[in-house]
Structures are given as C-alpha cells and as structure tokens.
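Source file: input.txt. Holds: compact mmCIF, C-alpha atoms.
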```txt
# COMPACT_ATOMS: atom_id res chain seq x y z
CA MET S 1 0.01 -29.86 -8.49
CA LEU S 2 -1.01 -27.18 -6.00
CA GLY S 3 -0.59 -28.31 -2.42
CA CYS S 4 -4.17 -27.52 -1.42
CA ARG S 5 -7.79 -28.56 -1.83
CA CYS S 6 -10.31 -26.05 -3.25
CA LEU S 7 -13.98 -25.97 -2.25
CA VAL S 8 -16.87 -23.67 -3.20
CA ASN S 9 -19.21 -22.89 -0.29
CA THR S 10 -22.82 -24.00 -0.39
CA GLU S 11 -23.75 -22.25 2.89
CA TYR S 12 -23.43 -18.58 3.76
CA GLU S 13 -23.80 -18.39 7.56
CA ASN S 14 -20.74 -18.85 9.80
CA THR S 15 -18.82 -20.36 6.91
CA LEU S 16 -15.19 -19.46 6.25
CA VAL S 17 -14.27 -17.86 2.95
CA GLY S 18 -10.50 -17.99 2.75
CA ILE S 19 -7.64 -20.37 3.59
CA GLU S 20 -7.76 -22.99 6.31
CA TYR S 21 -4.93 -25.17 7.62
CA ARG S 22 -6.20 -28.44 9.09
CA THR S 23 -4.34 -31.18 10.95
CA GLU S 24 -5.41 -34.73 10.21
CA LYS S 25 -4.08 -38.11 11.28
CA THR S 26 -2.34 -40.24 8.66
CA ALA S 27 -2.68 -44.04 8.44
CA GLU S 28 0.54 -44.24 10.50
CA GLY S 29 -1.03 -42.09 13.23
CA LYS S 30 1.10 -39.02 12.49
CA ASP S 31 -0.19 -35.44 12.17
CA ALA S 32 -0.41 -34.18 8.58
CA CYS S 33 -1.34 -30.63 7.60
CA GLU S 34 -3.93 -30.12 4.86
CA VAL S 35 -4.55 -26.75 3.24
CA VAL S 36 -8.15 -26.07 2.17
CA VAL S 37 -9.17 -22.95 0.22
CA HIS S 38 -12.85 -22.00 0.62
CA PHE S 39 -14.43 -19.89 -2.15
CA PRO S 40 -17.67 -17.88 -1.76
CA LEU S 41 -21.14 -18.90 -2.94
CA GLY S 42 -21.40 -19.22 -6.70
CA TYR S 43 -17.68 -18.97 -7.45
CA ARG S 44 -16.77 -20.39 -10.88
CA LEU S 45 -13.71 -22.47 -9.97
CA SER S 46 -11.15 -23.42 -12.64
CA PRO S 47 -10.92 -27.16 -13.49
CA GLU S 48 -9.02 -29.32 -11.00
CA ASP S 49 -6.26 -30.17 -13.49
CA ASP S 50 -5.67 -26.48 -14.35
CA ASP S 51 -3.01 -25.49 -11.79
CA HIS S 52 -2.46 -22.09 -13.40
CA GLY S 53 -6.18 -21.29 -13.35
CA ARG S 54 -6.58 -22.42 -9.73
CA ARG S 55 -3.56 -20.37 -8.68
CA ARG S 56 -5.19 -17.33 -10.29
CA ASP S 57 -8.43 -18.15 -8.43
CA ILE S 58 -6.64 -18.29 -5.07
CA LEU S 59 -4.70 -15.08 -5.69
CA LEU S 60 -7.96 -13.38 -6.74
CA LEU S 61 -9.61 -14.54 -3.51
CA ILE S 62 -6.68 -13.23 -1.43
CA SER S 63 -6.81 -9.93 -3.31
CA VAL S 64 -10.56 -9.52 -2.67
CA LEU S 65 -10.26 -10.37 1.04
CA ARG S 66 -7.36 -7.98 1.39
CA ARG S 67 -9.17 -5.19 -0.44
CA TYR S 68 -12.69 -5.33 0.92
CA SER S 69 -12.35 -6.66 4.46
CA GLN S 70 -11.50 -4.51 7.45
CA LYS S 71 -7.70 -4.50 7.48
CA VAL S 72 -4.47 -2.89 8.61
CA ASP S 73 -1.39 -3.24 6.35
CA GLY S 74 -3.02 -6.14 4.52
CA THR S 75 -3.73 -8.17 7.66
CA LEU S 76 -7.31 -8.98 8.59
CA PRO S 77 -7.99 -8.07 12.23
CA ASP S 78 -8.02 -10.77 14.87
CA HIS S 79 -11.53 -11.97 15.78
CA ASP S 80 -13.35 -8.69 15.23
CA ASP S 81 -17.13 -8.35 15.10
CA THR S 82 -17.24 -9.10 11.36
CA GLY S 83 -15.72 -12.54 11.86
CA ASP S 84 -12.39 -11.72 10.22
CA ILE S 85 -9.39 -13.78 11.31
CA GLY S 86 -5.85 -12.39 11.53
CA PHE S 87 -3.00 -13.76 9.36
CA PRO S 88 -0.13 -11.67 7.85
CA ILE S 89 -0.52 -13.07 4.35
CA ASP S 90 1.13 -10.11 2.61
CA ALA S 91 4.24 -10.58 4.74
CA TYR S 92 4.50 -14.30 3.91
CA LEU S 93 4.01 -13.68 0.18
CA TYR S 94 6.51 -10.80 0.11
CA ILE S 95 9.21 -12.87 1.86
CA ILE S 96 8.68 -15.70 -0.64
CA SER S 97 8.81 -13.33 -3.62
CA ASP S 98 11.92 -11.56 -2.29
CA PHE S 99 13.65 -14.89 -1.62
CA VAL S 100 12.97 -16.13 -5.15
CA SER S 101 14.46 -12.91 -6.57
CA ASN S 102 17.34 -12.27 -4.14
CA ARG S 103 17.91 -15.49 -2.16
CA TYR S 104 18.94 -15.15 1.50
CA TYR S 105 19.62 -11.71 2.89
CA ARG S 106 23.30 -10.84 3.24
CA GLU S 107 24.55 -7.60 4.76
CA LYS S 108 25.94 -5.45 1.95
CA GLU S 109 25.73 -2.01 3.50
CA ILE S 110 29.01 -0.88 5.08
CA ILE S 111 28.54 1.40 8.08
CA TYR S 112 31.30 3.86 8.98
CA LYS S 113 31.91 5.59 12.30
CA THR S 114 34.45 7.87 13.94
CA ALA S 115 36.68 5.84 16.23
CA ARG S 116 40.31 5.38 17.29
CA GLN S 117 40.24 1.66 16.67
CA GLY S 118 39.09 -0.52 13.80
CA LYS S 119 39.80 -0.91 10.11
CA ILE S 120 40.60 2.62 8.91
CA SER S 121 39.15 4.06 5.70
CA TRP S 122 41.96 6.53 4.85
CA SER S 123 40.09 8.19 1.99
CA ARG S 124 37.12 9.02 4.27
CA THR S 125 39.41 9.99 7.16
CA ILE S 126 41.34 12.49 5.01
CA LYS S 127 38.12 13.98 3.59
CA GLN S 128 36.04 14.12 6.79
CA THR S 129 38.41 14.73 9.74
CA LYS S 130 40.76 17.57 10.58
CA PRO S 131 44.40 16.54 11.03
CA CYS S 132 46.79 17.78 13.73
CA VAL S 133 49.99 19.47 12.51
CA GLN S 134 53.23 19.59 14.55
CA GLY S 135 56.14 21.02 12.64
CA ASN S 136 56.48 19.02 9.48
CA ASN S 137 54.39 16.14 10.83
CA VAL S 138 50.68 15.61 10.09
CA PHE S 139 48.74 13.07 12.10
CA TYR S 140 45.15 12.16 12.97
CA LEU S 141 43.67 11.65 16.41
CA ASP S 142 40.38 10.23 15.13
CA PHE S 143 39.75 7.96 12.17
CA ILE S 144 36.79 6.95 10.02
CA THR S 145 36.57 3.19 10.48
CA ARG S 146 34.35 0.42 9.19
CA ASN S 147 31.81 -0.56 11.80
CA GLN S 148 31.82 -4.30 11.34
CA LYS S 149 29.22 -6.13 13.40
CA LYS S 150 29.75 -9.60 12.09
CA LYS S 151 27.64 -11.24 14.76
CA ASP S 152 24.66 -8.96 14.12
CA ASN S 153 24.94 -9.49 10.36
CA GLU S 154 25.00 -13.24 10.83
CA TRP S 155 21.96 -12.96 13.08
CA ILE S 156 20.02 -11.10 10.39
CA THR S 157 20.82 -13.79 7.83
CA LEU S 158 19.79 -16.57 10.22
CA ILE S 159 16.54 -14.79 11.15
CA HIS S 160 15.81 -14.30 7.45
CA LYS S 161 16.39 -18.03 6.81
CA TYR S 162 13.96 -18.79 9.63
CA CYS S 163 11.32 -16.41 8.21
CA VAL S 164 11.77 -17.84 4.70
CA TYR S 165 11.22 -21.33 6.12
CA LEU S 166 8.04 -20.21 7.93
CA SER S 167 6.74 -18.39 4.84
CA PHE S 168 7.16 -21.43 2.59
CA LEU S 169 5.62 -23.59 5.28
CA ARG S 170 2.52 -21.36 5.44
CA MET S 171 2.09 -20.16 1.83
CA GLY S 172 4.68 -21.91 -0.34
CA TRP S 173 2.13 -24.57 -1.38
CA LEU S 174 0.59 -21.93 -3.66
CA PHE S 175 3.71 -21.93 -5.86
CA THR S 176 5.81 -25.05 -5.19
CA GLY S 177 6.19 -28.16 -3.07
CA TYR S 178 9.66 -27.02 -1.98
CA VAL S 179 10.21 -25.98 1.64
CA PRO S 180 13.67 -24.57 2.53
CA PRO S 181 15.45 -26.13 5.52
CA ASN S 182 14.64 -24.92 9.02
CA PRO S 183 17.83 -23.23 10.33
CA ASN S 184 16.84 -24.23 13.91
CA ILE S 185 18.42 -21.13 15.40
CA GLY S 186 18.43 -20.63 19.14
CA GLY S 187 16.57 -17.83 20.88
CA SER S 188 12.96 -16.68 20.67
CA ASP S 189 10.72 -14.79 18.27
CA ARG S 190 10.83 -11.85 20.70
CA LEU S 191 14.64 -11.78 20.53
CA TYR S 192 14.60 -11.94 16.74
CA LYS S 193 12.14 -9.01 16.63
CA SER S 194 14.40 -6.91 18.87
CA VAL S 195 17.33 -7.51 16.49
CA LEU S 196 15.13 -6.44 13.55
CA ILE S 197 13.90 -3.32 15.37
CA ASP S 198 17.50 -2.24 15.95
CA LYS S 199 18.34 -3.01 12.33
CA LEU S 200 15.38 -0.99 11.04
CA ALA S 201 16.56 2.04 13.02
CA HIS S 202 19.84 2.04 11.09
CA THR S 203 18.66 0.92 7.64
CA PHE S 204 17.50 3.30 4.92
CA ASN S 205 17.31 0.96 1.93
CA ASP S 206 13.61 0.64 0.97
CA ARG S 207 13.82 -3.01 -0.06
CA SER S 208 15.60 -3.97 3.18
CA ARG S 209 13.12 -2.03 5.30
CA LYS S 210 10.13 -3.70 3.64
CA LEU S 211 11.75 -7.10 4.10
CA PHE S 212 12.52 -6.48 7.79
CA LYS S 213 8.95 -5.25 8.44
CA SER S 214 7.55 -8.36 6.74
CA MET S 215 9.86 -10.53 8.86
CA MET S 216 8.63 -8.75 12.01
CA ALA S 217 4.99 -9.35 11.01
CA VAL S 218 5.69 -13.07 10.50
CA LEU S 219 7.54 -13.37 13.81
CA GLY S 220 4.78 -11.46 15.62
CA TYR S 221 2.10 -13.81 14.28
CA GLU S 222 4.13 -16.93 15.01
CA GLU S 223 4.78 -15.73 18.55
CA GLU S 224 1.12 -14.85 19.14
CA THR S 225 -0.21 -18.18 17.85
CA SER S 226 2.55 -20.26 19.50
CA LYS S 227 3.27 -21.87 16.11
CA LYS S 228 -0.07 -23.65 15.94
CA VAL S 229 -0.43 -25.90 12.92
CA GLU S 230 -4.16 -25.15 12.52
CA PHE S 231 -4.98 -21.58 11.56
CA ARG S 232 -7.12 -19.62 9.10
CA TYR S 233 -7.03 -16.54 6.93
CA GLY S 234 -10.32 -15.10 5.73
CA THR S 235 -13.75 -14.14 6.95
CA SER S 236 -16.79 -16.01 8.23
CA SER S 237 -18.98 -13.03 7.25
CA PHE S 238 -18.44 -12.77 3.51
CA TYR S 239 -21.72 -10.89 3.14
CA HIS S 240 -19.80 -7.75 4.23
CA VAL S 241 -17.41 -8.28 1.32
CA TRP S 242 -20.31 -8.98 -1.10
CA GLU S 243 -21.99 -5.70 -0.09
CA SER S 244 -18.71 -3.78 -0.45
CA MET S 245 -18.03 -5.19 -3.92
CA ILE S 246 -21.52 -4.30 -5.16
CA ASP S 247 -21.21 -0.79 -3.76
CA TRP S 248 -17.72 -0.31 -5.26
CA VAL S 249 -18.75 -1.30 -8.78
CA TYR S 250 -22.29 0.10 -8.95
CA GLY S 251 -22.82 2.54 -6.06
CA ALA S 252 -22.74 6.33 -5.91
CA ASP S 253 -20.30 8.14 -3.62
CA ASN S 254 -22.85 10.34 -1.86
CA LYS S 255 -25.40 7.71 -0.86
CA GLU S 256 -25.77 9.21 2.65
CA ARG S 257 -28.22 11.76 1.28
CA TYR S 258 -30.55 8.87 0.35
CA TYR S 259 -30.74 7.51 3.94
CA PRO S 260 -34.26 7.69 5.46
CA LYS S 261 -33.78 9.38 8.85
CA THR S 262 -35.92 9.32 12.00
CA LYS S 263 -36.06 11.19 15.31
CA TRP S 264 -37.86 11.28 18.64
CA ARG S 265 -39.39 14.48 19.98
CA ILE S 266 -39.53 14.48 23.79
CA GLY S 267 -40.66 17.75 25.28
CA LYS S 268 -38.74 20.49 23.51
CA ARG S 269 -35.79 18.30 22.58
CA LEU S 270 -35.15 16.20 19.47
CA TYR S 271 -33.32 12.88 19.58
CA TYR S 272 -32.05 11.51 16.26
CA LYS S 273 -31.90 7.77 15.67
CA TYR S 274 -29.64 5.89 13.28
CA PRO S 275 -31.03 6.08 9.73
CA LEU S 276 -31.86 3.14 7.47
CA GLU S 277 -28.92 2.62 5.13
CA PRO S 278 -29.41 1.09 1.66
CA ASP S 279 -26.42 -0.96 0.47
CA SER S 280 -25.98 0.92 -2.80
CA ILE S 281 -27.61 3.77 -4.72
CA MET S 282 -27.04 3.69 -8.49
CA PRO S 283 -28.13 6.86 -10.35
CA VAL S 284 -28.41 6.33 -14.12
CA GLY S 285 -29.48 9.35 -16.14
CA LYS S 286 -32.59 10.79 -14.50
CA ASP S 287 -33.50 7.47 -12.81
CA ILE S 288 -32.33 5.96 -9.51
CA TYR S 289 -31.74 2.28 -8.77
CA ILE S 290 -31.69 1.09 -5.15
CA LEU S 291 -29.57 -2.05 -4.81
CA ASP S 292 -29.63 -4.43 -1.87
CA ALA S 293 -26.67 -6.85 -1.96
CA LYS S 294 -27.89 -10.15 -0.52
CA TYR S 295 -25.29 -12.87 0.00
CA TYR S 296 -27.98 -15.58 -0.09
CA LYS S 297 -27.70 -19.04 -1.66
CA TYR S 298 -30.75 -19.01 -3.96
CA GLY S 299 -28.41 -18.87 -6.98
CA ILE S 300 -27.08 -22.29 -5.91
CA THR S 301 -30.21 -24.01 -4.54
CA GLY S 302 -33.07 -22.44 -6.47
CA LYS S 303 -35.18 -22.71 -3.29
CA VAL S 304 -37.69 -19.96 -2.45
CA ASP S 305 -36.69 -20.20 1.23
CA ASP S 306 -33.29 -18.82 0.21
CA LEU S 307 -34.75 -15.53 -1.07
CA PRO S 308 -34.95 -12.22 0.88
CA ASP S 309 -37.83 -12.10 3.36
CA THR S 310 -40.60 -9.59 4.11
CA SER S 311 -38.49 -7.25 6.26
CA SER S 312 -35.93 -6.86 3.46
CA ILE S 313 -38.66 -6.21 0.88
CA HIS S 314 -40.32 -3.68 3.16
CA LYS S 315 -37.05 -1.79 3.68
CA GLN S 316 -36.50 -1.50 -0.07
CA ILE S 317 -39.96 -0.02 -0.54
CA THR S 318 -39.28 2.45 2.30
CA TYR S 319 -36.07 3.60 0.62
CA GLY S 320 -37.98 4.21 -2.59
CA GLU S 321 -40.73 6.15 -0.82
CA PHE S 322 -38.20 8.35 0.95
CA ILE S 323 -36.47 9.29 -2.32
CA ASP S 324 -39.82 9.77 -4.10
CA HIS S 325 -41.09 12.18 -1.44
CA ASN S 326 -37.86 14.12 -0.97
CA LYS S 327 -37.88 17.08 -3.36
CA LYS S 328 -34.10 17.56 -3.02
CA LEU S 329 -33.50 14.08 -4.44
CA ARG S 330 -35.84 14.27 -7.38
CA THR S 331 -34.20 14.77 -10.76
CA GLY S 332 -37.40 15.76 -12.57
CA PRO S 333 -41.08 14.85 -13.04
CA ASP S 334 -40.20 11.81 -15.17
CA MET S 335 -37.75 10.31 -12.67
CA LYS S 336 -38.28 6.62 -11.95
CA ILE S 337 -37.02 4.72 -8.92
CA TYR S 338 -36.25 1.01 -9.32
CA ASN S 339 -35.50 -1.56 -6.61
CA ALA S 340 -33.41 -4.72 -6.90
CA PHE S 341 -31.87 -7.48 -4.80
CA ILE S 342 -28.45 -8.67 -6.05
CA LEU S 343 -27.64 -12.31 -5.20
CA PRO S 344 -24.54 -14.42 -6.05
CA TYR S 345 -24.56 -17.29 -8.56
CA CYS S 346 -22.39 -19.07 -11.11
CA THR S 347 -23.14 -18.59 -14.82
CA THR S 348 -22.82 -22.35 -15.38
CA ASN S 349 -25.63 -22.95 -12.87
CA LYS S 350 -28.67 -21.80 -14.82
CA ILE S 351 -31.07 -21.08 -11.98
CA GLY S 352 -33.47 -18.32 -12.94
CA MET S 353 -35.61 -17.34 -15.89
CA ASP S 354 -33.40 -15.19 -18.10
CA PHE S 355 -29.65 -14.74 -18.54
CA VAL S 356 -27.63 -11.96 -20.14
CA GLY S 357 -23.87 -12.28 -19.75
CA GLU S 358 -23.09 -12.50 -16.04
CA LEU S 359 -26.63 -11.48 -15.02
CA GLY S 360 -29.56 -13.78 -14.29
CA TYR S 361 -33.18 -12.96 -13.43
CA ILE S 362 -35.09 -14.53 -10.51
CA GLY S 363 -38.43 -12.79 -10.36
CA GLU S 364 -40.16 -9.91 -8.60
CA ALA S 365 -41.06 -9.24 -4.96
CA TYR S 366 -43.88 -6.92 -3.85
CA SER S 367 -46.13 -6.31 -0.86
CA GLU S 368 -49.83 -6.84 -0.18
CA TRP S 369 -50.27 -3.52 1.67
CA LYS S 370 -49.37 -1.29 -1.31
CA ASP S 371 -51.20 -0.80 -4.57
CA ASN S 372 -47.84 -1.50 -6.29
CA THR S 373 -48.30 1.13 -8.96
CA GLU S 374 -44.97 2.84 -8.27
CA THR S 375 -41.83 1.37 -9.82
CA TYR S 376 -40.06 1.19 -6.44
CA GLU S 377 -42.91 -0.87 -4.94
CA ARG S 378 -41.61 -3.83 -6.94
CA VAL S 379 -38.20 -5.34 -6.12
CA GLU S 380 -36.50 -7.21 -8.96
CA GLY S 381 -34.42 -10.28 -8.05
CA VAL S 382 -31.11 -10.31 -9.94
CA LEU S 383 -28.34 -12.93 -9.94
CA LEU S 384 -24.74 -11.79 -10.47
CA ASP S 385 -21.80 -14.07 -11.28
CA THR S 386 -19.53 -14.12 -8.22
CA LYS S 387 -16.22 -14.58 -10.04
CA MET S 388 -16.97 -11.79 -12.49
CA LEU S 389 -17.73 -9.38 -9.65
CA MET S 390 -14.53 -10.34 -7.81
CA GLU S 391 -12.52 -9.67 -10.98
CA MET S 392 -13.95 -6.18 -11.45
CA ASN S 393 -11.59 -3.49 -10.17
CA MET S 394 -13.03 -0.36 -11.76
CA ARG S 395 -14.88 1.99 -9.43
CA GLN S 396 -18.36 2.79 -10.78
CA ASP S 397 -17.86 0.96 -14.08
CA MET S 398 -20.30 2.86 -16.33
CA LYS S 399 -20.60 0.02 -18.84
CA LYS S 400 -21.55 -2.47 -16.11
CA ILE S 401 -23.83 0.09 -14.45
CA GLN S 402 -25.75 0.63 -17.70
CA GLU S 403 -26.00 -3.13 -18.31
CA LEU S 404 -27.47 -3.69 -14.84
CA ALA S 405 -29.86 -0.73 -15.18
CA ASP S 406 -31.12 -1.99 -18.56
CA PHE S 407 -31.53 -5.51 -17.16
CA ILE S 408 -33.58 -4.31 -14.16
CA GLU S 409 -35.78 -2.00 -16.23
CA LYS S 410 -36.33 -4.66 -18.90
CA HIS S 411 -37.59 -7.20 -16.36
CA TYR S 412 -39.68 -4.66 -14.51
CA ASN S 413 -41.47 -3.91 -17.78
CA LYS S 414 -41.80 -7.62 -18.69
CA SER S 415 -43.34 -8.31 -15.30
CA ARG S 416 -46.03 -5.71 -16.00
CA GLU S 417 -47.18 -7.91 -18.86
CA MET S 418 -47.97 -10.59 -16.25
CA ASP S 419 -49.88 -8.26 -13.90
CA GLU S 420 -53.33 -9.17 -15.22
CA TYR S 421 -52.67 -12.88 -14.71
CA PHE S 422 -51.62 -12.40 -11.09
CA ARG S 423 -54.41 -9.89 -10.44
CA LYS S 424 -56.96 -12.57 -11.33
CA GLN S 425 -55.11 -15.11 -9.22
CA ASP S 426 -55.15 -12.77 -6.21
CA GLN S 427 -58.88 -12.18 -6.68
CA GLU S 428 -59.53 -15.92 -6.70
CA GLU S 429 -57.55 -16.34 -3.46
CA ASP S 430 -59.45 -13.48 -1.80
CA GLY S 431 -62.79 -14.80 -3.04
```

Please rewrite the model in this file as structure tokens.
Amino acid sequence: MLGCRCLVNTEYENTLVGIEYRTEKTAEGKDACEVVVHFPLGYRLSPEDDDHGRRRDILLLISVLRRYSQKVDGTLPDHDDTGDIGFPIDAYLYIISDFVSNRYYREKEIIYKTARQGKISWSRTIKQTKPCVQGNNVFYLDFITRNQKKKDNEWITLIHKYCVYLSFLRMGWLFTGYVPPNPNIGGSDRLYKSVLIDKLAHTFNDRSRKLFKSMMAVLGYEEETSKKVEFRYGTSSFYHVWESMIDWVYGADNKERYYPKTKWRIGKRLYYKYPLEPDSIMPVGKDIYILDAKYYKYGITGKVDDLPDTSSIHKQITYGEFIDHNKKLRTGPDMKIYNAFILPYCTTNKIGMDFVGELGYIGEAYSEWKDNTETYERVEGVLLDTKMLMEMNMRQDMKKIQELADFIEKHYNKSREMDEYFRKQDQEEDG
C-alpha cells in the first residue's frame, strides 16, 4: 500500500493542493508523520485499493504543479504571492531514481596530475612529459601521478547516503515502505554543500553533475527548514493553475490584442491604465470564444451561490463588446462572439443539465441592463472534468477546441428556444 492518504478538496479558497506532511501523536504519545495528498476540486481519484492508479494520480498532480506553477528548476518558490510553497521535489525523486538504478555513489573517475610524488602512471608520463637526457641516461623530473583523495571520495559517498536517506524519508512512500539507514555522519549541511561545490568544479560527467546538484538542493532545503517534520509542497491558490491549464489547451497565443484598454487624459498628457485581461481567447474558424476559467466549486455542490457573480459576468460582456467594436479584430460580417465560464467537476458527479464526454452544461448568465441580442451578451456555464484537463499535454488541441466550441454554440442555441418562456416570466416580475 502507498504510505499516504489521498483527499479531494471540497473548498477552493486557502486550501492546499499538493502534498502535506503532518505530525500526529500515537496512542503511546510518540510523534508519527502522516503524508496527505490533496487533489483539486472535482478530481476523479482512482479507487483506494488501486495502488498503481493512485501512484499515477499523485505523479500527475506533481507534474501539473511543476509545469503550471511559478517555478525555478522544478521547485515552487517559497511563500510567494500566489501561495506556492517551496520543496525540491524533483531533487528528491531524482536521487531515489538514481539510487534504484546505480545504488550508492562511488568515485570511479581517476584524476591525474603532474607531481614529483604519488603513484606514477608511466604510460601517461612517457606520452605527456619531456624527459631529461644525460649521456646514455634518460630520466624524468616530473611525473604524471594519480591524484587519490580517498578522504574526499569517502565524504562524497557518505553525503550521498545521507541524501538518499532524506529522499526516501520525504518521498519514498510513493514507491515503497523501505527507508535506507541514516549514515549519521558528522558535520553540517553547509559543510556537505561545500564538499559538493568543490566536486562539481572538477566533475564533467553529466550524470554525476545532475546527482550532485540534486544533493545540493536537498541539503539546501533541509538546512533552511531545520529538518522540520511538517512541511508542504503545492499551492494554496490552485485557481492560477486552473487558469493556466485552460489557456494552454484552448487559448490563442496572441490574446493581448483582445485586451480592452483604458487611459486617463489629464491636460495634454495621456496616462494608460492596466487593461482588462480575459483568461483565454479561443478563435475557431471565423468565430471567437472568450473563456473565463473559474476554479469554483459549483461542479461539486450544485449550489447557485458557487457560481460566478455579477462582476465576472459584466467583465465577460465587456470583453465581447470590445472585440465586436474593434474593426482590427473582426474576421468578417458573419463573425460571432461567444462567452463561457469554465468550472471544474468530476464526470461521475452528474451536476448540470447535459453531458458530452468530459463536458457538462450548467446554464446561461446574462444581464438586466442589456437587450441580450448579441451572442456575447450571454455567458454559457460549462463544467470540465478536472482529471481530463490535467492529463492533457497538447498545446491548443484542435480536437478538444472544436468539441468545446460546438458544445458552447449548441447550448447557446438551445437556450434561445427558452427565451420566450423567460421573457414572459420577466414581464410578470416587472408587472
């Protein structure tokens, strides 16, 4: 069994999506570490008895966090303004993988130097140094010798054993219950890093360099956190990741041209303000679809309070108006502009009115201050299966783009069949 507990979030604000290490008291009063993996809203988790499926789920989650969050060398930044929390997960996983393939690091590279003492390599000495000749005698003043630093080599092996131990302690639960022994070497993480820095300066083997860099990342994190048992890897603002995934799969590259811009005129000077920025623009043929990725929990609760509010609806209409009135953005007289909110859900949780594959339909939002005759004055509510989106790696997947476009247009047209019913209802309310 995997050494962790898996949960799917039911809230979206200030809620970790990622891996959390908790310390809890046992019945004997001792501290025990529990690993909890938190999945985003609507994630379709594999059955509890399917270890292989759950391992795939966790690796998929790590891959998505690593790909779409703000990061440097695979490490999420420490307490930045998006709520991401630092943890060198790539380094831990690489050390584990390398250990499984190659076991503990042993120095194999022989370093030679010119010296008058040491174990002489006569073949290299004869080839690389110039001998002195006196009469019939030939002799060498300098020799090519093996530079044997046994102590340093032993240090590297011990440091590697320590990093392997830490890596299995932090991430080994994903693969096995085995934790290698702690070598309990003396010294400090700072000392170990200095040994690795010196080693990196004299190592040119790619595998060794990657291993040493991973070891340095692990030691740096352990030093910074003072070996705390409780720590986290992930983000408390998964809505940033949700927006990025939607834009990656469905969005156009040049969406900046669709930003409604504003400016102040004071005297003879103009002052430009930050434009409104739609999450994604999806051109399909002559038509344009404006997508707003909303990481809201309606797809789990089915409650109207968990749908986008008036300000979000108003912004979508503004985006549509801007495109409609900008001649440079129009593709022709028959161009239509559609609006849609994209919310997460799980295909097994049938909340909504219509389902096609990984897509579900919520309903339609519109305003009371427009006549709502333009296509973009209606905003279609669409549910999208979270796991499916996380599994999609193709940039601007044309098949998925066409499926989403057809789904939005279909439900826009179906909603028009209901207009007369709601028109009468609105008249009764006004009367």

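Neighbourhood of point (-9.5, -27.0, -0.5): residues with an atom at most 6 Å away, counting all atoms listed in the file, are S:Cys4, S:Arg5, S:Cys6, S:Leu7, S:Val36, S:Val37.
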
Using all atoms listed in the file, pick whichever of S:Arg170, S:Asn102, S:Gly363, S:Tyr162 has the shortest atom-to-atom distance to Lys414 of chain S.
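With all atoms listed in the file as the atom set, the closest residue is S:Gly363.
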
Given only C-alpha atoms as the basis, pick out the residue of S:Phe175, S:Phe168, S:Trp264, S:Tyr298 nearest to Cys346 of chain S.
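Closest to Cys346 of chain S, using only C-alpha atoms: S:Tyr298.
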
Up to 8 Å from (-21.6, -16.9, -10.6) in the file's coordinates: name the residues, counting all atoms listed in the file, as an MDAnalysis selection string.
chainID S and resid 41:44 299 344:349 358 383:388

Would you mind telling me which residue in S:Leu307, S:Tyr319, S:Pro333, S:Asn14 lies nearest to Arg257 of chain S when using all atoms listed in the file?
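Closest residue, counting all atoms listed in the file: S:Tyr319.
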